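Worksheet: the structure to be examined is printed underneath.
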Amino acid sequence: MENDRIPPERRRFFLIIMLSGIGAVLAAAASWPVWQYLAPRKGVGEKEKVTIPRDQVPLGGTHFFTFRGHPAVVLQEKAGVFIALTAVCTHLGCIIKWLPEKGEFECPCHAGSFSPTGTVLGGPPPKPLESYPVSVQDDSIVIG
Ligand code: FES
């Protein structure tokens with residue numbers, strides 16, 4: 001009967017393996033929501049087009065909206081000329097705002113500035129704002 005007993009070292013090893021496995025499963029379960037939040041959304045809305053009524057974008061003014069799951073902005077720079085850009089600053093991702101009196105976009109976080117076409121005018125942003133295709137169809141602006 002004594003020979004059937006499992007030695008304490010072996011039991012300890014088995015216990016460590018079991019607890020490690022349970023710990024790994026719990027860690028994976030806890031980090032899954034974080035992974036889902038941070039992972040890029042592939043395929044969702046990639047072909048998406050957004051239609052905005054033309055009267056929502058006044059001359060010299062902007063309209064902010066969501067495009068492919070991210071903040072975006074459309075500007076009517078000149079009569080009938082619309083420019084659509086990401087509204088996410090290329091520095092650290094703050095949302096830009098339009099300054100009509102200056103005719104440029106400004107990032108409120110570190111004072112980065114962009115031209116109406118998204119070119120970097122100053123501050124720390126390392127690259128221009130991404131632009132999106134725009135077409136005007138009757139009384140609508142179609143982005144994408
Ligand atoms: S996040 Fe826009 S300038 Fe830093």
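Letters A, B, ... go to the chains of the structure tokens in the order shown; residues in each chain start at 1; ligands are counted from 1 in the same order.
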Report as CSV: every residue of chain A with an atom at most 10 Å from ligand 1, its closest pair of atoms, and their distance in Å to one decimal, counting only C-alpha atoms and all ligand atoms, with rows sorted by chain and ascending residue number.
residue,atom,partner,partner_atom_place_in_ligand_line,distance
A:Val88,CA,ligand 1,2 (Fe),7.9
A:Cys89,CA,ligand 1,2 (Fe),4.6
A:Thr90,CA,ligand 1,2 (Fe),6.4
A:His91,CA,ligand 1,1 (S),4.5
A:Leu92,CA,ligand 1,1 (S),3.8
A:Gly93,CA,ligand 1,1 (S),5.0
A:Cys94,CA,ligand 1,1 (S),4.6
A:Ile95,CA,ligand 1,2 (Fe),7.4
A:Ile96,CA,ligand 1,2 (Fe),7.1
A:Glu106,CA,ligand 1,2 (Fe),7.9
A:Cys107,CA,ligand 1,2 (Fe),4.6
A:Pro108,CA,ligand 1,2 (Fe),6.7
A:Cys109,CA,ligand 1,4 (Fe),5.1
A:His110,CA,ligand 1,3 (S),4.0
A:Ala111,CA,ligand 1,3 (S),5.3
A:Gly112,CA,ligand 1,3 (S),4.0
A:Ser113,CA,ligand 1,3 (S),7.4
A:Phe114,CA,ligand 1,3 (S),9.8
A:Gly122,CA,ligand 1,3 (S),8.9
A:Gly123,CA,ligand 1,3 (S),6.2
A:Pro124,CA,ligand 1,3 (S),5.4
A:Pro125,CA,ligand 1,3 (S),5.4
A:Pro126,CA,ligand 1,3 (S),9.0
Take the residues from that selection and write them out as a PDB file, in the first residue's frame, keeping C-alpha atoms.
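To be explicit, this is the file written out as out08.pdb:
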ATOM      1  CA  VAL A  88      -7.406  62.009 -35.716  1.00  0.00           C
ATOM      2  CA  CYS A  89      -4.122  63.845 -35.226  1.00  0.00           C
ATOM      3  CA  THR A  90      -1.125  61.960 -36.559  1.00  0.00           C
ATOM      4  CA  HIS A  91       0.918  62.790 -33.464  1.00  0.00           C
ATOM      5  CA  LEU A  92      -0.793  61.026 -30.565  1.00  0.00           C
ATOM      6  CA  GLY A  93      -4.335  60.656 -31.803  1.00  0.00           C
ATOM      7  CA  CYS A  94      -6.228  63.619 -30.370  1.00  0.00           C
ATOM      8  CA  ILE A  95      -9.218  64.926 -32.312  1.00  0.00           C
ATOM      9  CA  ILE A  96      -8.454  68.024 -34.352  1.00  0.00           C
ATOM     10  CA  GLU A 106      -5.520  72.647 -34.866  1.00  0.00           C
ATOM     11  CA  CYS A 107      -4.853  69.812 -32.496  1.00  0.00           C
ATOM     12  CA  PRO A 108      -5.755  70.870 -28.953  1.00  0.00           C
ATOM     13  CA  CYS A 109      -3.314  68.458 -27.324  1.00  0.00           C
ATOM     14  CA  HIS A 110       0.099  69.777 -28.437  1.00  0.00           C
ATOM     15  CA  ALA A 111      -0.797  72.618 -30.781  1.00  0.00           C
ATOM     16  CA  GLY A 112      -0.140  70.734 -33.990  1.00  0.00           C
ATOM     17  CA  SER A 113      -1.654  72.484 -36.997  1.00  0.00           C
ATOM     18  CA  PHE A 114      -2.772  71.293 -40.411  1.00  0.00           C
ATOM     19  CA  GLY A 122       3.466  73.152 -37.465  1.00  0.00           C
ATOM     20  CA  GLY A 123       3.896  71.342 -34.203  1.00  0.00           C
ATOM     21  CA  PRO A 124       4.810  67.739 -33.548  1.00  0.00           C
ATOM     22  CA  PRO A 125       2.572  65.791 -35.991  1.00  0.00           C
ATOM     23  CA  PRO A 126       4.923  63.613 -38.062  1.00  0.00           C
TER      24      PRO A 126
END
Exercise. How would you write, as a VMD selection string, the set of residues in region 1-142 of chain A that DSSP gives as strand (DSSP E)?
Worked result: chain A and resid 50 to 53 62 to 67 70 to 78 81 to 86 97 to 99 104 to 106 113 to 114 120 to 122 131 to 132 134 to 137 140 to 142
Could you save those same residues with N, CA and C atoms as a CSV table (one decimal), in the first residue's frame?
chain,number,residue,atom,x,y,z
A,50,VAL,N,-20.1,57.3,-46.7
A,50,VAL,CA,-20.9,58.1,-45.8
A,50,VAL,C,-21.5,59.2,-46.7
A,51,THR,N,-22.8,59.4,-46.6
A,51,THR,CA,-23.5,60.5,-47.3
A,51,THR,C,-23.9,61.6,-46.3
A,52,ILE,N,-23.6,62.8,-46.6
A,52,ILE,CA,-23.9,63.9,-45.7
A,52,ILE,C,-24.6,64.9,-46.6
A,53,PRO,N,-25.8,65.4,-46.1
A,53,PRO,CA,-26.5,66.5,-46.8
A,53,PRO,C,-25.5,67.7,-47.0
A,62,THR,N,-17.1,73.2,-41.4
A,62,THR,CA,-16.8,71.7,-41.4
A,62,THR,C,-18.0,71.0,-40.8
A,63,HIS,N,-17.9,69.7,-41.0
A,63,HIS,CA,-18.9,68.8,-40.4
A,63,HIS,C,-18.1,67.5,-40.0
A,64,PHE,N,-18.2,67.2,-38.7
A,64,PHE,CA,-17.5,66.1,-38.2
A,64,PHE,C,-18.4,64.9,-38.2
A,65,PHE,N,-17.9,63.7,-38.5
A,65,PHE,CA,-18.7,62.5,-38.6
A,65,PHE,C,-17.8,61.3,-38.3
A,66,THR,N,-18.4,60.1,-38.3
A,66,THR,CA,-17.6,58.9,-38.1
A,66,THR,C,-17.5,58.2,-39.5
A,67,PHE,N,-16.2,57.8,-39.8
A,67,PHE,CA,-16.0,57.2,-41.1
A,67,PHE,C,-15.1,55.9,-40.8
A,70,HIS,N,-13.9,55.7,-37.3
A,70,HIS,CA,-13.0,56.6,-36.8
A,70,HIS,C,-13.5,58.1,-37.0
A,71,PRO,N,-13.2,59.0,-36.2
A,71,PRO,CA,-13.6,60.4,-36.4
A,71,PRO,C,-13.0,60.9,-37.7
A,72,ALA,N,-13.9,61.7,-38.4
A,72,ALA,CA,-13.5,62.3,-39.7
A,72,ALA,C,-14.1,63.6,-39.8
A,73,VAL,N,-13.7,64.4,-40.7
A,73,VAL,CA,-14.2,65.7,-40.9
A,73,VAL,C,-14.3,66.0,-42.4
A,74,VAL,N,-15.3,66.8,-42.8
A,74,VAL,CA,-15.4,67.3,-44.2
A,74,VAL,C,-15.5,68.8,-44.1
A,75,LEU,N,-14.7,69.4,-45.0
A,75,LEU,CA,-14.6,70.9,-45.0
A,75,LEU,C,-15.0,71.4,-46.4
A,76,GLN,N,-15.8,72.4,-46.5
A,76,GLN,CA,-16.1,73.1,-47.8
A,76,GLN,C,-15.1,74.3,-47.8
A,77,GLU,N,-14.0,74.1,-48.5
A,77,GLU,CA,-12.9,75.1,-48.5
A,77,GLU,C,-13.3,76.3,-49.4
A,78,LYS,N,-13.8,75.9,-50.6
A,78,LYS,CA,-14.3,76.9,-51.5
A,78,LYS,C,-15.7,76.5,-51.9
A,81,VAL,N,-16.3,72.9,-53.3
A,81,VAL,CA,-15.0,72.1,-53.1
A,81,VAL,C,-15.0,71.6,-51.7
A,82,PHE,N,-15.1,70.2,-51.6
A,82,PHE,CA,-15.2,69.6,-50.3
A,82,PHE,C,-13.9,68.7,-50.2
A,83,ILE,N,-13.4,68.7,-48.9
A,83,ILE,CA,-12.2,67.9,-48.6
A,83,ILE,C,-12.6,67.1,-47.4
A,84,ALA,N,-12.4,65.8,-47.4
A,84,ALA,CA,-12.6,64.9,-46.3
A,84,ALA,C,-11.3,64.4,-45.8
A,85,LEU,N,-11.2,64.4,-44.5
A,85,LEU,CA,-9.9,64.0,-43.8
A,85,LEU,C,-10.2,63.2,-42.6
A,86,THR,N,-9.3,62.5,-42.1
A,86,THR,CA,-9.4,61.9,-40.8
A,86,THR,C,-9.3,63.1,-39.8
A,97,LYS,N,-9.5,70.2,-34.4
A,97,LYS,CA,-10.7,71.1,-34.5
A,97,LYS,C,-10.4,72.1,-35.6
A,98,TRP,N,-11.5,72.6,-36.2
A,98,TRP,CA,-11.3,73.6,-37.3
A,98,TRP,C,-11.3,75.0,-36.7
A,99,LEU,N,-10.4,75.8,-37.1
A,99,LEU,CA,-10.3,77.2,-36.7
A,99,LEU,C,-10.6,78.0,-37.9
A,104,GLU,N,-7.4,76.9,-40.7
A,104,GLU,CA,-6.6,75.7,-40.5
A,104,GLU,C,-7.1,74.8,-39.4
A,105,PHE,N,-6.7,73.6,-39.4
A,105,PHE,CA,-7.1,72.7,-38.3
A,105,PHE,C,-6.0,72.8,-37.2
A,106,GLU,N,-6.5,72.6,-36.0
A,106,GLU,CA,-5.5,72.6,-34.9
A,106,GLU,C,-5.8,71.5,-34.0
A,113,SER,N,-0.7,71.8,-36.1
A,113,SER,CA,-1.7,72.5,-37.0
A,113,SER,C,-1.5,71.9,-38.4
A,114,PHE,N,-2.7,71.9,-39.1
A,114,PHE,CA,-2.8,71.3,-40.4
A,114,PHE,C,-3.5,72.3,-41.3
A,120,VAL,N,0.8,69.1,-42.8
A,120,VAL,CA,1.3,69.6,-41.5
A,120,VAL,C,1.9,71.0,-41.6
A,121,LEU,N,1.3,72.0,-40.8
A,121,LEU,CA,1.8,73.3,-40.9
A,121,LEU,C,2.8,73.6,-39.7
A,122,GLY,N,2.6,72.9,-38.6
A,122,GLY,CA,3.5,73.2,-37.5
A,122,GLY,C,3.2,72.2,-36.3
A,131,SER,N,-6.5,61.7,-46.2
A,131,SER,CA,-7.7,62.2,-46.9
A,131,SER,C,-8.5,61.1,-47.5
A,132,TYR,N,-9.8,61.4,-47.7
A,132,TYR,CA,-10.7,60.4,-48.3
A,132,TYR,C,-11.3,61.0,-49.6
A,134,VAL,N,-14.0,62.2,-52.1
A,134,VAL,CA,-15.2,63.0,-51.9
A,134,VAL,C,-15.9,63.2,-53.3
A,135,SER,N,-17.2,62.9,-53.4
A,135,SER,CA,-17.9,63.3,-54.6
A,135,SER,C,-19.2,64.0,-54.2
A,136,VAL,N,-19.7,64.8,-55.0
A,136,VAL,CA,-20.9,65.6,-54.8
A,136,VAL,C,-22.0,65.0,-55.7
A,137,GLN,N,-23.1,64.5,-55.1
A,137,GLN,CA,-24.2,64.0,-55.9
A,137,GLN,C,-25.5,64.7,-55.5
A,140,SER,N,-26.1,66.0,-51.9
A,140,SER,CA,-25.3,65.2,-51.0
A,140,SER,C,-23.8,65.2,-51.3
A,141,ILE,N,-23.1,65.0,-50.2
A,141,ILE,CA,-21.7,64.8,-50.3
A,141,ILE,C,-21.4,63.3,-49.9
A,142,VAL,N,-20.7,62.6,-50.8
A,142,VAL,CA,-20.5,61.2,-50.6
A,142,VAL,C,-19.0,61.0,-50.3
Problem set entry | Per-residue DSSP, chain A, filtered to helix (DSSP H, G or I), as a PyMOL selection string | chain A and resi 2-4+8-38+54-56
Could you write those residues out with N, CA, C and O atoms, as a short mmCIF file (atom, residue, chain, number, x, y, z; two decimals), in the first residue's frame?
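Output contents, as saved in part.cif:
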data_model
loop_
_atom_site.label_atom_id
_atom_site.label_comp_id
_atom_site.auth_asym_id
_atom_site.auth_seq_id
_atom_site.Cartn_x
_atom_site.Cartn_y
_atom_site.Cartn_z
N GLU A 2 1.97 1.24 0.72
CA GLU A 2 2.86 2.38 0.78
C GLU A 2 3.44 2.72 -0.59
O GLU A 2 3.66 3.87 -0.90
N ASN A 3 3.65 1.71 -1.43
CA ASN A 3 4.23 1.93 -2.75
C ASN A 3 3.28 2.64 -3.69
O ASN A 3 3.70 3.22 -4.68
N ASP A 4 1.95 2.64 -3.41
CA ASP A 4 0.97 3.30 -4.27
C ASP A 4 0.91 4.80 -4.04
O ASP A 4 0.30 5.52 -4.82
N PRO A 8 5.72 13.27 -2.56
CA PRO A 8 5.38 14.70 -2.42
C PRO A 8 5.95 15.58 -3.53
O PRO A 8 5.32 16.53 -3.94
N GLU A 9 7.12 15.28 -4.04
CA GLU A 9 7.72 16.10 -5.11
C GLU A 9 6.87 16.04 -6.37
O GLU A 9 6.68 17.05 -7.04
N ARG A 10 6.38 14.88 -6.63
CA ARG A 10 5.55 14.71 -7.82
C ARG A 10 4.20 15.40 -7.68
O ARG A 10 3.67 16.00 -8.61
N ARG A 11 3.65 15.30 -6.47
CA ARG A 11 2.37 15.99 -6.21
C ARG A 11 2.56 17.51 -6.32
O ARG A 11 1.72 18.23 -6.85
N ARG A 12 3.67 18.00 -5.80
CA ARG A 12 3.96 19.44 -5.87
C ARG A 12 4.12 19.88 -7.34
O ARG A 12 3.58 20.90 -7.74
N PHE A 13 4.81 19.07 -8.11
CA PHE A 13 4.99 19.38 -9.53
C PHE A 13 3.63 19.41 -10.24
O PHE A 13 3.33 20.34 -11.01
N PHE A 14 2.81 18.43 -9.97
CA PHE A 14 1.47 18.38 -10.57
C PHE A 14 0.64 19.60 -10.16
O PHE A 14 -0.02 20.23 -10.99
N LEU A 15 0.71 19.98 -8.89
CA LEU A 15 -0.03 21.14 -8.40
C LEU A 15 0.45 22.43 -9.09
O LEU A 15 -0.36 23.27 -9.49
N ILE A 16 1.76 22.55 -9.26
CA ILE A 16 2.31 23.74 -9.93
C ILE A 16 1.83 23.80 -11.38
O ILE A 16 1.42 24.85 -11.86
N ILE A 17 1.84 22.67 -12.07
CA ILE A 17 1.38 22.63 -13.46
C ILE A 17 -0.10 23.01 -13.54
O ILE A 17 -0.52 23.82 -14.39
N MET A 18 -0.90 22.46 -12.63
CA MET A 18 -2.34 22.76 -12.62
C MET A 18 -2.60 24.24 -12.36
O MET A 18 -3.39 24.89 -13.04
N LEU A 19 -1.93 24.79 -11.35
CA LEU A 19 -2.14 26.21 -11.03
C LEU A 19 -1.62 27.12 -12.15
O LEU A 19 -2.24 28.15 -12.44
N SER A 20 -0.54 26.73 -12.79
CA SER A 20 -0.03 27.53 -13.92
C SER A 20 -1.04 27.53 -15.06
O SER A 20 -1.30 28.57 -15.68
N GLY A 21 -1.62 26.38 -15.33
CA GLY A 21 -2.63 26.30 -16.40
C GLY A 21 -3.85 27.13 -16.08
O GLY A 21 -4.35 27.88 -16.94
N ILE A 22 -4.32 27.05 -14.86
CA ILE A 22 -5.49 27.85 -14.46
C ILE A 22 -5.15 29.34 -14.53
O ILE A 22 -5.94 30.14 -15.02
N GLY A 23 -3.94 29.69 -14.09
CA GLY A 23 -3.53 31.10 -14.16
C GLY A 23 -3.46 31.59 -15.59
O GLY A 23 -3.89 32.71 -15.90
N ALA A 24 -2.96 30.77 -16.49
CA ALA A 24 -2.87 31.17 -17.91
C ALA A 24 -4.27 31.36 -18.50
O ALA A 24 -4.51 32.34 -19.24
N VAL A 25 -5.19 30.48 -18.17
CA VAL A 25 -6.56 30.62 -18.69
C VAL A 25 -7.21 31.88 -18.14
O VAL A 25 -7.86 32.64 -18.88
N LEU A 26 -7.03 32.14 -16.85
CA LEU A 26 -7.62 33.35 -16.26
C LEU A 26 -7.00 34.62 -16.86
O LEU A 26 -7.71 35.59 -17.13
N ALA A 27 -5.69 34.61 -17.10
CA ALA A 27 -5.03 35.78 -17.69
C ALA A 27 -5.55 36.02 -19.11
O ALA A 27 -5.80 37.15 -19.51
N ALA A 28 -5.71 34.94 -19.87
CA ALA A 28 -6.22 35.07 -21.24
C ALA A 28 -7.65 35.60 -21.22
O ALA A 28 -8.02 36.48 -22.01
N ALA A 29 -8.47 35.09 -20.30
CA ALA A 29 -9.86 35.54 -20.22
C ALA A 29 -9.94 37.01 -19.83
O ALA A 29 -10.76 37.77 -20.34
N ALA A 30 -9.05 37.43 -18.93
CA ALA A 30 -9.06 38.83 -18.48
C ALA A 30 -8.55 39.77 -19.56
O ALA A 30 -9.01 40.91 -19.67
N SER A 31 -7.61 39.32 -20.38
CA SER A 31 -7.04 40.22 -21.39
C SER A 31 -7.82 40.22 -22.70
O SER A 31 -7.61 41.09 -23.54
N TRP A 32 -8.75 39.30 -22.90
CA TRP A 32 -9.50 39.23 -24.15
C TRP A 32 -10.27 40.52 -24.44
O TRP A 32 -10.20 41.04 -25.57
N PRO A 33 -11.01 41.07 -23.47
CA PRO A 33 -11.72 42.34 -23.77
C PRO A 33 -10.77 43.47 -24.16
O PRO A 33 -11.10 44.27 -25.02
N VAL A 34 -9.60 43.52 -23.53
CA VAL A 34 -8.62 44.56 -23.86
C VAL A 34 -8.13 44.35 -25.29
O VAL A 34 -8.03 45.29 -26.07
N TRP A 35 -7.86 43.10 -25.65
CA TRP A 35 -7.42 42.79 -27.01
C TRP A 35 -8.49 43.18 -28.03
O TRP A 35 -8.20 43.77 -29.07
N GLN A 36 -9.73 42.84 -27.72
CA GLN A 36 -10.83 43.18 -28.63
C GLN A 36 -10.96 44.68 -28.83
O GLN A 36 -11.26 45.17 -29.92
N TYR A 37 -10.72 45.44 -27.78
CA TYR A 37 -10.82 46.89 -27.85
C TYR A 37 -9.68 47.48 -28.68
O TYR A 37 -9.89 48.40 -29.48
N LEU A 38 -8.48 46.95 -28.51
CA LEU A 38 -7.31 47.53 -29.17
C LEU A 38 -7.09 47.02 -30.59
O LEU A 38 -6.47 47.71 -31.40
N ARG A 54 -25.57 68.21 -48.20
CA ARG A 54 -24.65 69.30 -48.55
C ARG A 54 -24.83 70.54 -47.66
O ARG A 54 -23.86 71.23 -47.34
N ASP A 55 -26.06 70.77 -47.24
CA ASP A 55 -26.29 71.98 -46.43
C ASP A 55 -25.75 71.86 -45.00
O ASP A 55 -25.78 72.82 -44.24
N GLN A 56 -25.23 70.68 -44.63
CA GLN A 56 -24.63 70.54 -43.31
C GLN A 56 -23.17 70.96 -43.28
O GLN A 56 -22.53 70.95 -42.24
#
Problem set entry | Gap from CA of Glu130 (chain A) to CA of Gly118 (chain A) - Å, one decimal |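 Computing the Euclidean distance for CA of Glu130 (chain A) and CA of Gly118 (chain A) yields 7.1 Å.
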For this session: Could you check how far CA of Gly144 (chain A) sits from CA of Leu59 (chain A), in Å to one decimal?
Result: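 Computing the Euclidean distance for CA of Gly144 (chain A) and CA of Leu59 (chain A) yields 20.8 Å.
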